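Asks: Right, I'll just put the structure down here and ask away after.
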Amino acid sequence: MKRYLLPGVLVVLALAYPLLVGDLPVYGRLGALVLLAAIGASAWNIVGGYAGQVSVGHAVFFGFGAYASVVVYTHLGWPPITGAPIGMVLSVALAAAIGVPTLRLSGHYFSMATIAVGELVRVLSSTSDFLGGAQGLGGPAMPRTVFDLSFISATPFYYIFLGVLTFLLGLTWMIERGRMGFYLRAIKDSERAARSLGVSAGRYKLYAYMLSGAFSALAGSLYLCMFGFVDPESGFGILISVKMVVMAALGGAGLLFGPLVGALILVPLEEFSNSLFGGQGAGFTFMIYGAIIVIIARFLPSGLLSLFNRRSTRHVD
Amino acid sequence: MSSTLVQVIVSGLLLGAVYALFSSGLTLIWGMMNVVNFAHGDFVMLGMYSAVMVWTALGGGPFAAVPIAAMMIGTLGVASYFLLVRHIMKGPMLAQILGTFGLALFLRYAAFWYFGANFKTLPDTIVGGSFELMGIRFEGSRVLAGVMGLAVTLALHLILTRTAVGSRMLAVSEDATAAQLMGIRPQRMQALAWCMAGAATGIAGALIANFFYTSPTVGETLAILAFVTVSFGGFGSVLGALVAGLIIGVVESLSAYLVGPVYKDVIVYILFVLVLWFRPQGLMGKA
């Protein structure tokens with residue numbers, strides 16, 4: 001019984017969070033933002049954490065999702081959320097197109113190639129009139145139907161994001177325990193050894209990359225639904241990619257809950273830095289934000305969850 | 001060839017030499033200890049602010065700013081090595097990204113906090129205007145930056161390949177344990193590499209500040225350019241960074257002139273992806 005006590009309390013807390021902070025909209029919004037960031041970082045974790053292919057260009061997929069959602073509204077008049085499946089399908093195709101050439105590269109070269117592709121897409125998007133150029137595009141200003149998901153309160157978003165994150169973590173958990181999880185970990189440890197044991201490393205890396213891309217795109221679509229606006233910087237900017245990496249690495253890359261832990265720390269830190277001080281004072285709090293990241297990298301290079309690593313090691317029976 | 005085209009190529013080469021210089025620090029670190037410094041762009045940014053400070057506080061021009069920036073950013077490099085990099089370099093690659101990105105944020109917002117978000121520019125008049133030679137117009141600040149960029153990059157290359165210290169550093173990068181058995185102190189060599197990389201980066205920043213706006217976030221743009229140059233040239237190769245920098249400078253100028261300024265980055269990135277596809281180790285990298 002005792003085993004289920006802590007997880008049970010956490011689940012109840014997660015479900016009841018909007019009710020607990022009901023009259024404080026700032027905290028309601030914060031909860032939704034944490035979950036959204038956790039979705040993006042968990043999506044990255046599939047290829048970056050489990051398969052060890054450190055992509056620093058996942059903003060490409062995030063931006064595809066966000067733009068797909070806004071484009072179906074601007075050009076077709078559909079509710080933005082209907083762009084989510086389109087963005088996901090496009091991202092899978094794009095992941096295949098990027099992944100086939102770049103996944104052959106190892107280590108830093110793969111990271112650099114993904115950065116270059118990300119920047120290429122960002123620059124191209126700012127020259128495209130269809131995508132609104134450098135100004136970007138906005139979603140529905142006034143809600144037409146409930147499907148536009150233009151809620152004033154953050155609570156509906158909170159539960160939508162919670163649902164998506166639960167689904168994504170469930171899927172990741174199944175992958176982790178299944179054949180593919182073993183293959184990915186083998187590839188991460190030593191690709192050559194994995195190949196010699198008959199793992200088609202190229203194919204599984206690509207599967208992980210495509211899956212990861214699809215869910216990053218979903219995160220982008222959800223972002224658009226909540227914020228109602230995207231431009232090249234907020235969709236394809238390198239900071240989006242880097243934040244996914246940093247959140248996952250901070251919590252513990254390649255661990256199921258690593259990205260969520262990272263988001264739980266970084267997002268509130270960032271939000272408070274933004275709101276606590278205006279103007280130049282914000283510089284000081286972001287310095288602390290940077291310093292905290294440095295200290296964690298210095299003393300816990302495998303992420304915060306590595307503190308509990310011995311407890312979380314699963315016994316294979 | 002029309003003189004406009006020559007003009008475009010020459011200005012591309014001058015710009016490329018500066019790209020080469022600020023990328024050579026990154027490639028040195030990357031090649032020597034397999035660490036990608038995500039704070040590299042912010043090192044350049046601080047080099048630029050050093051030049052601005054030297055001008056506003058002391059009234060000194062680039063000849064005062066260059067050595068001061070070299071010393072300051074060189075010291076910053078050594079400090080980063082001893083306080084952070086030394087501890088994370090043996091960890092997973094993600095810890096290196098995390099650590100150096102944290103450092104980047106720290107430096108960027110330290111500059112933001114101290115200097116404010118406003119763009120700062122140095123007056124053109126510090127490096128005497130422009131002159132014409134054989135029908136080609138040269139801007140003094142860019143010529144100075146290009147020539148010094150070329151000279152410092154070549155000097156760095158010669159130090160690494162032609163001197164005893166360079167051989168020791170190479171030995172450490174090949175096999176730190178074996179080097180240690182030969183009486184070389186790996187940490188001292190690595191700290192020296194960070195010092196040299198920092199100094200080169202600081203010089204590059206001080207030179208760029210003469211014709212580019214200085215702001216706390218300028219490092220992000222420059223860092224991406226440096227990543228591309230280094231991967232293009234082959235990691236660890238200063239000569240590769242030089243060649244790649246010159247190529248990128250010329251390609252940028254030419255495509256801005258022939259296709260349109262918006263597309264110059266697009267063409268550089270496409271070129272980069274093509275190089276990675278056909279020659280993943282870069283132009284001069286070891287296979």
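Chain labels follow the order of the structure tokens: the first chain is A, the next B, and so on; residue numbering restarts at 1 in every chain, and ligands are counted from 1 in their shown order.
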Do you have, as a Markdown table, the list of residues of chain B lying at most 8 Å from chain A, each with its nearest atom pair and that distance in Å to one decimal, counting only C-alpha atoms and ordered by chain then number?
Replies:
| residue | atom | partner | partner_atom | distance |
| --- | --- | --- | --- | --- |
| B:Val36 | CA | A:His108 | CA | 7.6 |
| B:Leu84 | CA | A:Arg298 | CA | 6.3 |
| B:His87 | CA | A:Arg298 | CA | 6.3 |
| B:Ile88 | CA | A:Arg298 | CA | 6.0 |
| B:Gly91 | CA | A:Pro301 | CA | 6.2 |
| B:Pro92 | CA | A:Pro301 | CA | 7.1 |
| B:Leu94 | CA | A:Ala249 | CA | 6.2 |
| B:Ala95 | CA | A:Pro301 | CA | 5.0 |
| B:Gln96 | CA | A:Ala297 | CA | 7.4 |
| B:Ile97 | CA | A:Val246 | CA | 7.7 |
| B:Leu98 | CA | A:Val246 | CA | 5.7 |
| B:Gly99 | CA | A:Val294 | CA | 4.7 |
| B:Thr100 | CA | A:Val294 | CA | 7.3 |
| B:Phe101 | CA | A:Gly290 | CA | 7.8 |
| B:Gly102 | CA | A:Gly290 | CA | 4.3 |
| B:Leu103 | CA | A:Gly290 | CA | 6.1 |
| B:Ala104 | CA | A:Gly290 | CA | 7.4 |
| B:Leu105 | CA | A:Gly290 | CA | 4.9 |
| B:Phe106 | CA | A:Met287 | CA | 4.4 |
| B:Leu107 | CA | A:Met287 | CA | 7.2 |
| B:Arg108 | CA | A:Met287 | CA | 7.9 |
| B:Tyr109 | CA | A:Gly283 | CA | 4.6 |
| B:Ala110 | CA | A:Met287 | CA | 6.0 |
| B:Ala111 | CA | A:Gly283 | CA | 7.9 |
| B:Phe112 | CA | A:Gly283 | CA | 5.4 |
| B:Trp113 | CA | A:Gly283 | CA | 4.4 |
| B:Gly116 | CA | A:Gln280 | CA | 6.2 |
| B:Ala117 | CA | A:Gln280 | CA | 7.7 |
| B:Ile224 | CA | A:Ile115 | CA | 7.9 |
| B:Phe227 | CA | A:Met112 | CA | 6.8 |
| B:Val228 | CA | A:Ala116 | CA | 7.2 |
| B:Ser231 | CA | A:Tyr109 | CA | 7.1 |
| B:Val262 | CA | A:Thr127 | CA | 7.3 |
| B:Asp265 | CA | A:Val123 | CA | 7.2 |
| B:Val266 | CA | A:Leu120 | CA | 5.6 |
| B:Tyr269 | CA | A:Leu120 | CA | 5.9 |
| B:Ile270 | CA | A:Leu120 | CA | 7.4 |
| B:Phe272 | CA | A:Ala116 | CA | 7.5 |
| B:Val273 | CA | A:Ala113 | CA | 6.6 |
| B:Leu276 | CA | A:Ala113 | CA | 7.3 |
| B:Trp277 | CA | A:Pro101 | CA | 6.4 |
| B:Pro280 | CA | A:Leu105 | CA | 6.7 |
| B:Gln281 | CA | A:Tyr109 | CA | 8.0 |
Asks: Tell me, which residues of range 12-162 of chain B carry DSSP helix (DSSP H, G or I), written as number ranges by chain?
Replies: B: 12-33, 40-58, 62-88, 93-115, 124-126, 140-162
Asks: Rank A:Ala214, A:Met226, A:Val12, A:Ala201 by their smallest atom-to-atom distance to Leu149 in chain A, using only C-alpha atoms, and report the top residue only.
Replies: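 Going through A:Ala214, A:Met226, A:Val12, A:Ala201 one by one, the smallest distance to Leu149 in chain A is for A:Met226.
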Asks: Which residue gives the smallest distance to Ala95 in chain A among A:Leu218, A:Met210, A:Ala37, A:Ile265, with only C-alpha atoms counted?
Replies: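 When distances to Ala95 in chain A are compared using only C-alpha atoms, the smallest one comes from A:Met210.
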Asks: Rounded to one decimal place, report the CA of Gly47 in chain B-CA of Leu225 in chain B distance in Å.
Replies: 16.4 Å
Asks: How far is it from CA of Thr74 in chain A to CA of Gly139 in chain A, in Å with one decimal?
Replies: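 Separation between CA of Thr74 in chain A and CA of Gly139 in chain A: 7.1 Å.
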Asks: Considering only C-alpha atoms, return as a count of residues only whatever protein or nucleic-acid residues lie within 8 Å of range 77-84 of chain A, sequence-local ones (same chain, fewer than 2 positions apart) excluded.
Replies: 23
Asks: Can you tell me which residues surround Ile160 in chain A at a distance of at most 10 Å, considering only C-alpha atoms, apart from same-chain residues fewer than 6 positions away, and format the answer as a count of residues only?
Replies: 5
Asks: Looking at B:Glu139, B:Gly146, B:Thr221, B:Tyr263, which one is nearest to Ser125 in chain A, with distances taken over only C-alpha atoms?
Replies: B:Tyr263
Asks: Find the residues around Phe235 in chain B up to 9 Å (only C-alpha atoms counted), leave out those fewer than 5 positions away in its own chain, and share them as a VMD selection string.
Replies: chain B and resid 26 to 28 30 to 31 34 230 240 to 241 281 to 282 284 to 286
Asks: Convert the current residue selection to file output with C-alpha atoms, as a JSON list (two decimals), in the first residue's frame.
Replies:
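That gives us out_24.json:
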[["chain", "number", "residue", "atom", "x", "y", "z"],
["B", 26, "LEU", "CA", 35.18, 27.38, -30.86],
["B", 27, "THR", "CA", 36.92, 24.89, -33.12],
["B", 28, "LEU", "CA", 39.99, 24.81, -30.88],
["B", 30, "TRP", "CA", 35.72, 21.48, -29.76],
["B", 31, "GLY", "CA", 38.68, 19.70, -31.34],
["B", 34, "ASN", "CA", 35.21, 17.46, -27.63],
["B", 230, "VAL", "CA", 33.20, 25.14, -37.47],
["B", 240, "GLY", "CA", 39.41, 24.55, -41.78],
["B", 241, "ALA", "CA", 37.62, 27.34, -39.90],
["B", 281, "GLN", "CA", 33.61, 15.45, -40.99],
["B", 282, "GLY", "CA", 33.74, 18.88, -42.64],
["B", 284, "MET", "CA", 39.37, 19.65, -43.18],
["B", 285, "GLY", "CA", 38.23, 17.48, -40.29],
["B", 286, "LYS", "CA", 39.74, 14.15, -39.45]]
Asks: For Met189 in chain B, work out the shell of residues within 12 Å, counting only C-alpha atoms and skipping chain neighbours fewer than 5 positions away, then give it as JSON, numbers by chain.
Replies: {"B": [28, 29, 32, 33, 78, 81, 86, 160, 164, 165, 166, 167, 168, 169, 170, 171, 172, 173, 176, 179, 180, 183, 184, 194, 195, 196]}
Asks: Rounded to one decimal, what separation in Å do you get between CA of Leu184 in chain A and CA of Ala208 in chain A?
Replies: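 Between CA of Leu184 in chain A and CA of Ala208 in chain A the gap works out to 8.2 Å.
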Asks: Please identify which residues in range 48-142 of chain B DSSP calls strand (DSSP E or B) from the backbone, and express them as a PyMOL selection string.
Replies: chain B and resi 120+130-133+136-139
